[in-house]
Amino acid sequence: MSKHQRVLEAIFEKRANIAWADIEAMLSYHGAEISEGRGSRVRIALNGVRAVFHRPHPQKEAGRGPVTSMLRFLVEAGLGRERKS
């Protein structure tokens with residue numbers, strides 16, 4: 001399993017503390033357009049779906065809340081289907 005697939009699986013398992021850089025790398029791998037916004041904002045477009053996230057700081061890992069938001073974004077963008085937990 002590739003690193004990008006492991007990151008995607010971690011998001012679908014709703015794990016906390018996923019490195020934000022790994023999330024961005026996985027999104028880029030899947031064809032997402034990522035652009036910087038103001039402050040810590042990051043604009044992401046994938047398969048016609050757009051969202052704005054806040055890059056975590058000062059820590060480098062995304063917590064459970066941002067991971068859950070990313071999961072919803074990925075499902076809406078067609079990059080997987082939501083799993084029941």
# chains A, B, ... in the order shown; residues from 1 in each chain; ligands from 1
>>> closest_atom_pairs(of="region 49-81 of chain A", to="region 6-17 of chain A", cutoff="6 Å", atoms="only C-alpha atoms", output="Markdown table")
| residue | atom | partner | partner_atom | distance |
| --- | --- | --- | --- | --- |
| A:Glu61 | CA | A:Asn17 | CA | 4.7 |
| A:Ala62 | CA | A:Asn17 | CA | 5.2 |
| A:Gly63 | CA | A:Ala16 | CA | 4.7 |
| A:Arg64 | CA | A:Ala16 | CA | 4.6 |
| A:Val67 | CA | A:Ile11 | CA | 6.0 |
>>> select_by_dssp(residues="region 2-85 of chain A", states="strand (DSSP E)", output="MDAnalysis selection string")
chainID A and resid 18:19 33:36 41:46 49:54 61:62
>>> write_last_selection(atoms="N, CA and C atoms", output="PDB file, in the first residue's frame")
ATOM      1  N   ILE A  18      -2.859  13.230  11.904  1.00  0.00           N
ATOM      2  CA  ILE A  18      -2.295  12.927  10.591  1.00  0.00           C
ATOM      3  C   ILE A  18      -1.520  14.166  10.154  1.00  0.00           C
ATOM      4  N   ALA A  19      -0.295  13.994   9.716  1.00  0.00           N
ATOM      5  CA  ALA A  19       0.524  15.135   9.306  1.00  0.00           C
ATOM      6  C   ALA A  19      -0.153  15.864   8.142  1.00  0.00           C
ATOM      7  N   GLU A  33      -6.121  20.720  -6.838  1.00  0.00           N
ATOM      8  CA  GLU A  33      -5.433  21.999  -6.965  1.00  0.00           C
ATOM      9  C   GLU A  33      -5.416  22.627  -5.580  1.00  0.00           C
ATOM     10  N   ILE A  34      -4.240  22.943  -5.092  1.00  0.00           N
ATOM     11  CA  ILE A  34      -4.084  23.502  -3.751  1.00  0.00           C
ATOM     12  C   ILE A  34      -3.470  24.882  -3.888  1.00  0.00           C
ATOM     13  N   SER A  35      -4.115  25.870  -3.267  1.00  0.00           N
ATOM     14  CA  SER A  35      -3.573  27.229  -3.307  1.00  0.00           C
ATOM     15  C   SER A  35      -3.646  27.845  -1.917  1.00  0.00           C
ATOM     16  N   GLU A  36      -2.724  28.753  -1.684  1.00  0.00           N
ATOM     17  CA  GLU A  36      -2.641  29.419  -0.389  1.00  0.00           C
ATOM     18  C   GLU A  36      -3.694  30.515  -0.304  1.00  0.00           C
ATOM     19  N   ARG A  41      -5.079  29.705   5.792  1.00  0.00           N
ATOM     20  CA  ARG A  41      -6.091  29.104   4.922  1.00  0.00           C
ATOM     21  C   ARG A  41      -5.451  28.439   3.702  1.00  0.00           C
ATOM     22  N   VAL A  42      -6.061  27.310   3.331  1.00  0.00           N
ATOM     23  CA  VAL A  42      -5.627  26.564   2.158  1.00  0.00           C
ATOM     24  C   VAL A  42      -6.877  26.260   1.336  1.00  0.00           C
ATOM     25  N   ARG A  43      -6.877  26.689   0.073  1.00  0.00           N
ATOM     26  CA  ARG A  43      -8.002  26.408  -0.818  1.00  0.00           C
ATOM     27  C   ARG A  43      -7.687  25.139  -1.598  1.00  0.00           C
ATOM     28  N   ILE A  44      -8.675  24.241  -1.626  1.00  0.00           N
ATOM     29  CA  ILE A  44      -8.482  22.962  -2.305  1.00  0.00           C
ATOM     30  C   ILE A  44      -9.640  22.740  -3.268  1.00  0.00           C
ATOM     31  N   ALA A  45      -9.319  22.352  -4.498  1.00  0.00           N
ATOM     32  CA  ALA A  45     -10.325  21.995  -5.498  1.00  0.00           C
ATOM     33  C   ALA A  45     -10.000  20.594  -6.007  1.00  0.00           C
ATOM     34  N   LEU A  46     -11.003  19.727  -5.969  1.00  0.00           N
ATOM     35  CA  LEU A  46     -10.819  18.343  -6.407  1.00  0.00           C
ATOM     36  C   LEU A  46     -12.099  17.871  -7.081  1.00  0.00           C
ATOM     37  N   VAL A  49     -15.137  20.058  -6.801  1.00  0.00           N
ATOM     38  CA  VAL A  49     -15.568  20.404  -5.441  1.00  0.00           C
ATOM     39  C   VAL A  49     -14.490  21.282  -4.822  1.00  0.00           C
ATOM     40  N   ARG A  50     -14.920  22.383  -4.221  1.00  0.00           N
ATOM     41  CA  ARG A  50     -13.971  23.323  -3.608  1.00  0.00           C
ATOM     42  C   ARG A  50     -14.230  23.415  -2.111  1.00  0.00           C
ATOM     43  N   ALA A  51     -13.148  23.610  -1.364  1.00  0.00           N
ATOM     44  CA  ALA A  51     -13.255  23.781   0.087  1.00  0.00           C
ATOM     45  C   ALA A  51     -12.070  24.605   0.572  1.00  0.00           C
ATOM     46  N   VAL A  52     -12.251  25.202   1.731  1.00  0.00           N
ATOM     47  CA  VAL A  52     -11.177  25.954   2.378  1.00  0.00           C
ATOM     48  C   VAL A  52     -10.916  25.304   3.728  1.00  0.00           C
ATOM     49  N   PHE A  53      -9.670  25.004   3.984  1.00  0.00           N
ATOM     50  CA  PHE A  53      -9.258  24.421   5.258  1.00  0.00           C
ATOM     51  C   PHE A  53      -8.241  25.345   5.902  1.00  0.00           C
ATOM     52  N   HIS A  54      -8.050  25.174   7.188  1.00  0.00           N
ATOM     53  CA  HIS A  54      -7.020  25.919   7.909  1.00  0.00           C
ATOM     54  C   HIS A  54      -5.875  24.964   8.196  1.00  0.00           C
ATOM     55  N   GLU A  61       0.198  18.436  12.767  1.00  0.00           N
ATOM     56  CA  GLU A  61      -0.767  17.370  12.541  1.00  0.00           C
ATOM     57  C   GLU A  61      -2.193  17.907  12.612  1.00  0.00           C
ATOM     58  N   ALA A  62      -3.060  17.320  11.794  1.00  0.00           N
ATOM     59  CA  ALA A  62      -4.479  17.663  11.818  1.00  0.00           C
ATOM     60  C   ALA A  62      -5.155  16.850  12.913  1.00  0.00           C
TER      61      ALA A  62
END
>>> closest_residue(among="A:Gly48, A:Gly80, A:Arg55, A:Val75", to="Glu24 (chain A)", atoms="only C-alpha atoms")
A:Arg55
>>> select_by_dssp(residues="chain A", states="alpha helix (DSSP H)", output="VMD selection string")
chain A and resid 3 to 12 20 to 29 64 to 76
>>> closest_residue(among="A:Ile23, A:Ala32, A:Ser2, A:Asn47", to="Leu71 (chain A)", atoms="only C-alpha atoms")
A:Ile23
